[in-house]
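To start, the structure under review is shown below, and the notes come after it.
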Amino acid sequence: MRKVSLRSLMIAVPYVWLLLFFLIPFLIVVKISLSDSITASPPYTPQLTVQDGLAGLWAALSEFDFENYVWLIEDGVYLKAYLFSLKVAAISTLVSLLIGYPIAYGMAKAPKRWRSTLLLLLILPFWTSFLIRIYAWIGILKSEGYLNIALLKLRLINEPLNILYTDAAVYIGIVYSYLPFMILPLYASLERIDGRLLEAAEDLGCGSVSAFWQVTFPLSLPGVIAGSFLVFIPAIGEFVIPDLLGGSATLMIGKTLWLEFFANRDWGVASAVAIVLLMILIVPIVLFQRHQQKHQGELG
Amino acid sequence: MIRFENVTKAYGSFTAISDLSLDIHQGEFFSLLGPSGCGKSTMMRMLAGFESVTSGRILLDGVDLTGMPPNRRPINMMFQSFALFPHMNVARNIGFGLKQARWRKRDIADRVDEMLALVQMENFADRKPHQLSGGQMQRVALARSLALKPKVLLLDEPLGALDKKLREETQFQLMDVQDRLGLTFIIVTHDQEEAMTVSSRIAVMKDGKLLQVGEPSRIYEHPANAYVADFIGNVNLLPVRISATDGELIDVTWGNGRNMVIRPQPEDRLSAGAQKTLVLRPEKIHVSKERPEEAFNINMVEGVVEEISYIGSVSTFHVRLDDGVLIRAQEANRLLASRREIDWDDRVWLSWRAGACVIIES
């Protein structure tokens with residue numbers, strides 16, 4: 001009996017954690033998104049207090065409306081920001097995949113004794129602050145930065161390229177930052193492909209290119225999908241990179257959210273933006289989860 | 001049909017195969033048998049084209065295979081642990097090679113059906129490999145490697161992943177398929193029983209060299225040397241000295257001056273006084289509590305039972321002779337174990353006929 005209760009206690013821990021630090025904050029955000037903005041502190045109404053009890057809750061509920069969401073639809077800026085974020089995330093994911101696949105493939109084919117070193121090198125940048133690494137890109141990309149100096153010295157260009165504070169810089173920043181998240185699952189799925197499968201393919205008449213497309217690539221698809229989600233999902237909501245590397249025209253949804261919250265002090269709209277972003281992300285997240293479960297059964 | 005000509009394979013300073021020549025004929029079920037690391041897998045991989053030959057050459061129907069990549073050789077392989085493509089169903093696995101050879105879709109489907117029928121897996125065409133049992137995977141792997149109608153099928157430890165009961169069934173299935181298709185099968189195994197059961201000929205290998213090539217009974221009954229004798233089955237190896245060489249039976253001395261009569265083989269080169277090794281299989285020795293009847297062609301010795309190992313169908317008796325020599329003798333368990341007449345520490349007589357043992361070089 002006691003054993004059972006201890007077990008359920010252990011199982012309860014993560015649920016309590018999620019309740020306290022995810023579900024309750026989430027409900028607060030939902031509540032704020034349904035509230036009206038006012039110039040006060042905190043800047044929204046109605047406010048719920050424990051003292052008012054159930055009657056207060058009913059009174060507050062009657063004041064809730066979807067005004068903030070209607071606003072999101074009516075003002076085209078938000079839709080554009082969402083679409084632009086999706087586009088940036090999609091392109092960054094594709095570029096990460098194109099760069100990450102050969103790297104992961106090379107790592108998986110490297111001699112065994114090198115592999116742990118290569119993995120270490122891959123995650124080494126994480127030992128430095130993310131913010132500092134993004135600032136470093138400013139130093140590289142600016143007009144008199146290292147990239148332009150190098151290109152000018154090599155006489156590949158005559159005048160400095162204008163990369164910083166453009167969308168290109170945002171792509172570079174996102175691809176750079178999230179590339180390891182693409183490579184790691186790719187590497188994991190490529191590495192565990194049995195070499196005998198390729199020999200079998202060759203034995204049955206495949207050339208090496210054809211064997212790659214018919215055996216290696218399909219078997220690495222779980223890694224491709226996992227890596228793509230791991231890049232795509234955080235890239236949509238990315239704030240720091242477009243803020244630091246992007247120009248004023250680069251309006252991604254994360255930045256919009258920040259502006260609403262801190263510059264406009266419109267907590268209601270900011271919360272609505274966040275909730276809609278979450279709704280958009282839930283689709284790929286759920287797809288990702290289902291994919292993971294399916295492949296655990298098949299390949300695990 | 002297949003000829004290894006002075007084939008050597010070296011990995012750096014390590015020589016895996018040294019100057020090996022071997023002929024394998026059309027329609028044979030040939031076994032490469034040896035302990036792990038003896039080079040048998042290297043032989044197979046060179047034949048399939050996954051390893052290059054360092055020197056010498058391999059011929060198939062007179063055509064030199066050197067430099068021909070695996071996907072061009074009319075040789076297919078059934079891999080250890082089967083190497084089925086996990087993302088393809090059974091039908092696509094079997095049809096894989098045909099697709100590479102650009103067969104037409106309908107022809108592929110027909111051939112796949114034919115192969116499924118051959119291995120009795122008609123109802124499993126849509127299954128994925130992870131939904132199959134070990135025995136079923138083995139059959140799919142067999143069907144896949146036969147679909148291209150190879151001239152030679154290589155089987156790398158084909159039954160290693162199966163449990164004993166299934167292994168025996170599968171051995172007969174392999175023999176049946178080989179017999180029906182009339183193909184040349186070459187199997188690599190470390191399991192001497194498996195090699196004995198399925199093969200028409202066996203090559204026993206050790207340290208990259210062939211020790212003996214021959215039919216299973218030949219290898220078992222007339223091993224070329226002590227290593228082969230010991231590797232294949234249980235054996236008593238006794239050092240003997242030939243004392244007389246004339247007549248149909250010859251006399252040898254062994255142990256502490258004991259005499260034994262043996263019936264030599266026509267090819268034995270015998271000279272009085274020569275030191276040889278005698279191969280005496282345990283099952284050829286009779287164990288009894290009473291002294292057997294004397295006969296000119298029966299050898300008998302007396303000793304004490306030190307150990308009895310019971311494996312159901314037979315029991316092996318470890319008998320220590322009075323001069324310290326240990327001899328293993330095997331008797332079929334004709335009675336229930338509870339009614340066994342011979343027990344630990346009993347004095348027993350061991351007897352064997354003159355024609356039951358073979359002389360090899362020491």
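Residues in the structure tokens are numbered from 1 in each chain, the chains being A, B, ... in the order shown, and ligands are numbered from 1 in the order shown.
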For stretch 119-123 of chain A, please output as a PyMOL selection string all residues within 9 Å (counting only C-alpha atoms; exclusion window: fewer than 2 positions along the same chain).
-> chain A and resi 107+114-117+125-127+180+183-184
Output C-alpha atoms for every residue in that selection, as a PDB file, in the first residue's frame.
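Written out: selection_15.pdb:
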```
ATOM      1  CA  MET A 107      30.078  12.690 -38.465  1.00  0.00           C
ATOM      2  CA  TRP A 114      36.615  10.674 -33.686  1.00  0.00           C
ATOM      3  CA  ARG A 115      32.888  10.768 -33.232  1.00  0.00           C
ATOM      4  CA  SER A 116      32.756  11.866 -29.602  1.00  0.00           C
ATOM      5  CA  THR A 117      35.225  14.647 -30.359  1.00  0.00           C
ATOM      6  CA  PRO A 125      29.359  26.875 -28.794  1.00  0.00           C
ATOM      7  CA  PHE A 126      26.684  26.253 -26.152  1.00  0.00           C
ATOM      8  CA  TRP A 127      29.321  26.865 -23.526  1.00  0.00           C
ATOM      9  CA  PRO A 180      23.177  21.940 -33.758  1.00  0.00           C
ATOM     10  CA  ILE A 183      22.511  18.026 -36.670  1.00  0.00           C
ATOM     11  CA  LEU A 184      22.107  16.124 -33.400  1.00  0.00           C
TER      12      LEU A 184
END
```
Which residues of chain B are close to chain A, meaning at most 6 Å apart when you count only C-alpha atoms, and how do they look as a list in words?
-> Pro70, Asn71, Ala83, Gly97 and Gln100 of chain B
Only C-alpha atoms, please: the residues just picked out, written as a short mmCIF file (atom, residue, chain, number, x, y, z; two decimals), in the first residue's frame.
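For reference, out.cif as written:
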```
data_model
loop_
_atom_site.label_atom_id
_atom_site.label_comp_id
_atom_site.auth_asym_id
_atom_site.auth_seq_id
_atom_site.Cartn_x
_atom_site.Cartn_y
_atom_site.Cartn_z
CA PRO B 70 29.41 -6.07 -55.57
CA ASN B 71 26.44 -4.69 -57.49
CA ALA B 83 19.80 -6.87 -43.01
CA GLY B 97 17.09 -6.08 -56.38
CA GLN B 100 17.54 -1.95 -59.29
#
```
B:His222: which residues within 10 Å, counting only C-alpha atoms, same-chain residues fewer than 5 positions away excluded, as a list of chain:residue names?
-> B:Gly214, B:Pro216, B:Ser217, B:Val228, B:Ala229, B:Gln265, B:Val279, B:Cys357, B:Val358, B:Ile359, B:Ile360
Residues near A:Leu98, cut-off 12 Å, only C-alpha atoms, skip fewer than 2 positions along chain, as a list in words =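 Using only C-alpha atoms, the neighbours found are Ile91, Ser92, Thr93, Leu94, Val95, Ser96, Gly100, Tyr101, Pro102, Ile103, Ala104, Tyr105, Val175, Leu179, Met182, Ile183, Leu186, Val224, Gly227 and Ser228 of chain A.
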Keeping only C-alpha atoms, write those residues as a compact mmCIF listing (two decimals), in the first residue's frame.
```
# COMPACT_ATOMS: atom_id res chain seq x y z
CA ILE A 91 13.43 28.81 -44.91
CA SER A 92 15.79 28.62 -41.93
CA THR A 93 14.72 25.03 -41.35
CA LEU A 94 15.36 24.13 -44.97
CA VAL A 95 18.77 25.80 -45.02
CA SER A 96 19.69 24.15 -41.70
CA GLY A 100 23.24 20.00 -41.39
CA TYR A 101 22.67 16.79 -43.34
CA PRO A 102 26.13 16.57 -44.91
CA ILE A 103 27.72 17.47 -41.56
CA ALA A 104 25.72 14.85 -39.69
CA TYR A 105 26.45 12.31 -42.43
CA VAL A 175 20.53 28.99 -39.04
CA LEU A 179 22.05 24.20 -36.63
CA MET A 182 19.25 19.94 -36.63
CA ILE A 183 22.51 18.03 -36.67
CA LEU A 186 20.18 13.69 -37.84
CA VAL A 224 15.18 14.87 -40.59
CA GLY A 227 15.62 18.14 -36.50
CA SER A 228 13.25 20.21 -38.65
```
Spatial neighbours of B:Arg291, 10 Å, only C-alpha atoms, chain gap at least 6 places, as an NGL selection string | :B and (300-302 or 348-351)
Taking the chain letters and numbering used in this document, name the residues of stretch 103-166 of chain B that DSSP puts in helix (DSSP H, G or I), as a VMD selection string.
-> chain B and resid 105 to 118 122 to 124 129 to 131 134 to 146 164 to 166
Contacts of B:Asp191 at 12 Å or less, counting only C-alpha atoms, minus same-chain residues fewer than 3 places along, as a PDB file with N, CA and C atoms, in the first residue's frame?
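Saved to around_14.pdb:
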```pdb
ATOM      1  N   SER B  31      30.366 -25.419 -47.198  1.00  0.00           N
ATOM      2  CA  SER B  31      30.502 -24.707 -45.928  1.00  0.00           C
ATOM      3  C   SER B  31      31.937 -24.251 -45.705  1.00  0.00           C
ATOM      4  N   LEU B  32      32.071 -23.006 -45.261  1.00  0.00           N
ATOM      5  CA  LEU B  32      33.342 -22.532 -44.736  1.00  0.00           C
ATOM      6  C   LEU B  32      33.195 -22.560 -43.227  1.00  0.00           C
ATOM      7  N   LEU B  33      33.960 -23.412 -42.597  1.00  0.00           N
ATOM      8  CA  LEU B  33      33.777 -23.661 -41.175  1.00  0.00           C
ATOM      9  C   LEU B  33      35.063 -23.331 -40.426  1.00  0.00           C
ATOM     10  N   GLY B  34      34.900 -22.670 -39.305  1.00  0.00           N
ATOM     11  CA  GLY B  34      36.082 -22.377 -38.501  1.00  0.00           C
ATOM     12  C   GLY B  34      35.707 -21.491 -37.338  1.00  0.00           C
ATOM     13  N   PRO B  35      36.622 -21.332 -36.404  1.00  0.00           N
ATOM     14  CA  PRO B  35      36.351 -20.464 -35.258  1.00  0.00           C
ATOM     15  C   PRO B  35      36.319 -19.007 -35.696  1.00  0.00           C
ATOM     16  N   SER B  36      35.810 -18.115 -34.860  1.00  0.00           N
ATOM     17  CA  SER B  36      35.760 -16.717 -35.272  1.00  0.00           C
ATOM     18  C   SER B  36      37.188 -16.203 -35.444  1.00  0.00           C
ATOM     19  N   ASP B 156      25.850 -15.822 -44.722  1.00  0.00           N
ATOM     20  CA  ASP B 156      26.775 -15.487 -43.641  1.00  0.00           C
ATOM     21  C   ASP B 156      26.106 -15.812 -42.308  1.00  0.00           C
ATOM     22  N   GLU B 157      26.565 -16.847 -41.648  1.00  0.00           N
ATOM     23  CA  GLU B 157      25.987 -17.294 -40.376  1.00  0.00           C
ATOM     24  C   GLU B 157      24.457 -17.187 -40.441  1.00  0.00           C
ATOM     25  N   PRO B 158      23.836 -17.873 -41.389  1.00  0.00           N
ATOM     26  CA  PRO B 158      22.428 -17.577 -41.677  1.00  0.00           C
ATOM     27  C   PRO B 158      21.495 -17.926 -40.534  1.00  0.00           C
ATOM     28  N   LEU B 159      21.904 -18.835 -39.688  1.00  0.00           N
ATOM     29  CA  LEU B 159      20.963 -19.307 -38.685  1.00  0.00           C
ATOM     30  C   LEU B 159      21.380 -18.893 -37.282  1.00  0.00           C
ATOM     31  N   GLY B 160      22.409 -18.061 -37.215  1.00  0.00           N
ATOM     32  CA  GLY B 160      22.936 -17.677 -35.911  1.00  0.00           C
ATOM     33  C   GLY B 160      21.923 -16.965 -35.041  1.00  0.00           C
ATOM     34  N   LYS B 164      17.534 -22.931 -31.315  1.00  0.00           N
ATOM     35  CA  LYS B 164      18.017 -24.234 -31.785  1.00  0.00           C
ATOM     36  C   LYS B 164      16.970 -25.015 -32.572  1.00  0.00           C
ATOM     37  N   ARG B 167      16.372 -23.512 -35.839  1.00  0.00           N
ATOM     38  CA  ARG B 167      17.566 -23.645 -36.657  1.00  0.00           C
ATOM     39  C   ARG B 167      17.530 -24.970 -37.420  1.00  0.00           C
ATOM     40  N   ILE B 187      28.033 -21.332 -47.420  1.00  0.00           N
ATOM     41  CA  ILE B 187      27.599 -20.904 -46.105  1.00  0.00           C
ATOM     42  C   ILE B 187      28.824 -20.732 -45.216  1.00  0.00           C
ATOM     43  N   VAL B 188      28.812 -19.660 -44.446  1.00  0.00           N
ATOM     44  CA  VAL B 188      29.874 -19.422 -43.470  1.00  0.00           C
ATOM     45  C   VAL B 188      29.299 -19.708 -42.098  1.00  0.00           C
ATOM     46  N   GLU B 194      25.903 -27.577 -37.750  1.00  0.00           N
ATOM     47  CA  GLU B 194      25.174 -26.975 -38.862  1.00  0.00           C
ATOM     48  C   GLU B 194      25.876 -27.301 -40.176  1.00  0.00           C
ATOM     49  N   ALA B 195      27.197 -27.137 -40.184  1.00  0.00           N
ATOM     50  CA  ALA B 195      27.959 -27.419 -41.397  1.00  0.00           C
ATOM     51  C   ALA B 195      27.799 -28.875 -41.794  1.00  0.00           C
ATOM     52  N   MET B 196      27.876 -29.788 -40.804  1.00  0.00           N
ATOM     53  CA  MET B 196      27.736 -31.215 -41.083  1.00  0.00           C
ATOM     54  C   MET B 196      26.368 -31.512 -41.695  1.00  0.00           C
ATOM     55  N   THR B 197      25.334 -30.879 -41.140  1.00  0.00           N
ATOM     56  CA  THR B 197      23.972 -31.191 -41.565  1.00  0.00           C
ATOM     57  C   THR B 197      23.705 -30.753 -42.994  1.00  0.00           C
ATOM     58  N   VAL B 198      24.062 -29.506 -43.318  1.00  0.00           N
ATOM     59  CA  VAL B 198      23.589 -28.954 -44.586  1.00  0.00           C
ATOM     60  C   VAL B 198      24.531 -29.185 -45.761  1.00  0.00           C
ATOM     61  N   SER B 199      25.827 -29.350 -45.495  1.00  0.00           N
ATOM     62  CA  SER B 199      26.754 -29.220 -46.622  1.00  0.00           C
ATOM     63  C   SER B 199      26.985 -30.507 -47.382  1.00  0.00           C
ATOM     64  N   ILE B 202      32.731 -29.467 -46.885  1.00  0.00           N
ATOM     65  CA  ILE B 202      33.108 -28.512 -45.844  1.00  0.00           C
ATOM     66  C   ILE B 202      34.580 -28.153 -46.025  1.00  0.00           C
ATOM     67  N   VAL B 204      37.403 -26.662 -43.627  1.00  0.00           N
ATOM     68  CA  VAL B 204      37.721 -26.243 -42.260  1.00  0.00           C
ATOM     69  C   VAL B 204      38.886 -25.270 -42.323  1.00  0.00           C
ATOM     70  N   PHE B 231      38.066 -29.964 -33.596  1.00  0.00           N
ATOM     71  CA  PHE B 231      37.074 -28.918 -33.866  1.00  0.00           C
ATOM     72  C   PHE B 231      35.727 -29.527 -34.196  1.00  0.00           C
ATOM     73  N   ILE B 232      35.755 -30.647 -34.905  1.00  0.00           N
ATOM     74  CA  ILE B 232      34.508 -31.286 -35.313  1.00  0.00           C
ATOM     75  C   ILE B 232      34.164 -32.355 -34.285  1.00  0.00           C
ATOM     76  N   GLY B 233      33.228 -32.066 -33.429  1.00  0.00           N
ATOM     77  CA  GLY B 233      32.747 -33.074 -32.490  1.00  0.00           C
ATOM     78  C   GLY B 233      33.719 -33.366 -31.361  1.00  0.00           C
TER      79      GLY B 233
END
```
Can you pull out every residue within 12 Å of B:Val177, counting only C-alpha atoms, but drop anything in the same chain fewer than 3 positions away, and send it as a ChimeraX atom specification?
-> /B:27,29,115,117-120,139,142-143,146,153,170-174,180-185,198
Writer output for current selection, C-alpha atoms, as a compact mmCIF listing (two decimals), in the first residue's frame:
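Result went into part21.txt, see below:
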```txt
# COMPACT_ATOMS: atom_id res chain seq x y z
CA GLY B 27 25.36 -27.00 -57.37
CA PHE B 29 26.21 -26.70 -50.73
CA MET B 115 9.66 -16.00 -54.11
CA ALA B 117 5.63 -18.96 -52.36
CA LEU B 118 9.08 -20.52 -52.34
CA VAL B 119 9.60 -19.56 -48.70
CA GLN B 120 5.91 -19.97 -47.77
CA ARG B 139 12.83 -16.59 -44.94
CA LEU B 142 16.44 -15.86 -48.29
CA ALA B 143 13.73 -14.87 -50.76
CA LEU B 146 17.33 -15.45 -54.41
CA LEU B 153 24.21 -17.58 -52.92
CA THR B 170 15.51 -23.94 -41.25
CA GLN B 171 18.52 -26.06 -42.12
CA PHE B 172 16.26 -28.51 -43.87
CA GLN B 173 14.40 -25.71 -45.58
CA LEU B 174 17.68 -24.31 -46.90
CA ARG B 180 15.11 -27.46 -55.88
CA LEU B 181 16.90 -24.50 -57.47
CA GLY B 182 20.15 -26.35 -58.07
CA LEU B 183 22.13 -23.27 -57.08
CA THR B 184 25.54 -23.12 -55.51
CA PHE B 185 25.21 -22.22 -51.85
CA VAL B 198 23.59 -28.95 -44.59
```
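You will find atom CA of B:Phe124 at 8.8 Å from atom CA of B:Asn89.
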Could you jot down the atom CA of B:Asp345 to atom CA of B:Lys284 separation for me, Å, one decimal place?
->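 Atom-to-atom, atom CA of B:Asp345 and atom CA of B:Lys284 are spaced 21.7 Å apart.
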Closest to A:Tyr44 among A:Arg113, A:Lys294, A:Arg265, A:Arg133, using only C-alpha atoms?
-> A:Arg265
Pick from A:Tyr135, A:Phe288, A:Phe262, A:Tyr69: nearest to A:Gly223, with only C-alpha atoms counted?
->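 Looking at the shortest contact to A:Gly223, the residue is A:Phe288.
A straight line drawn from atom CA of B:Thr42 to atom CA of B:Thr189 is 12.2 Å long.
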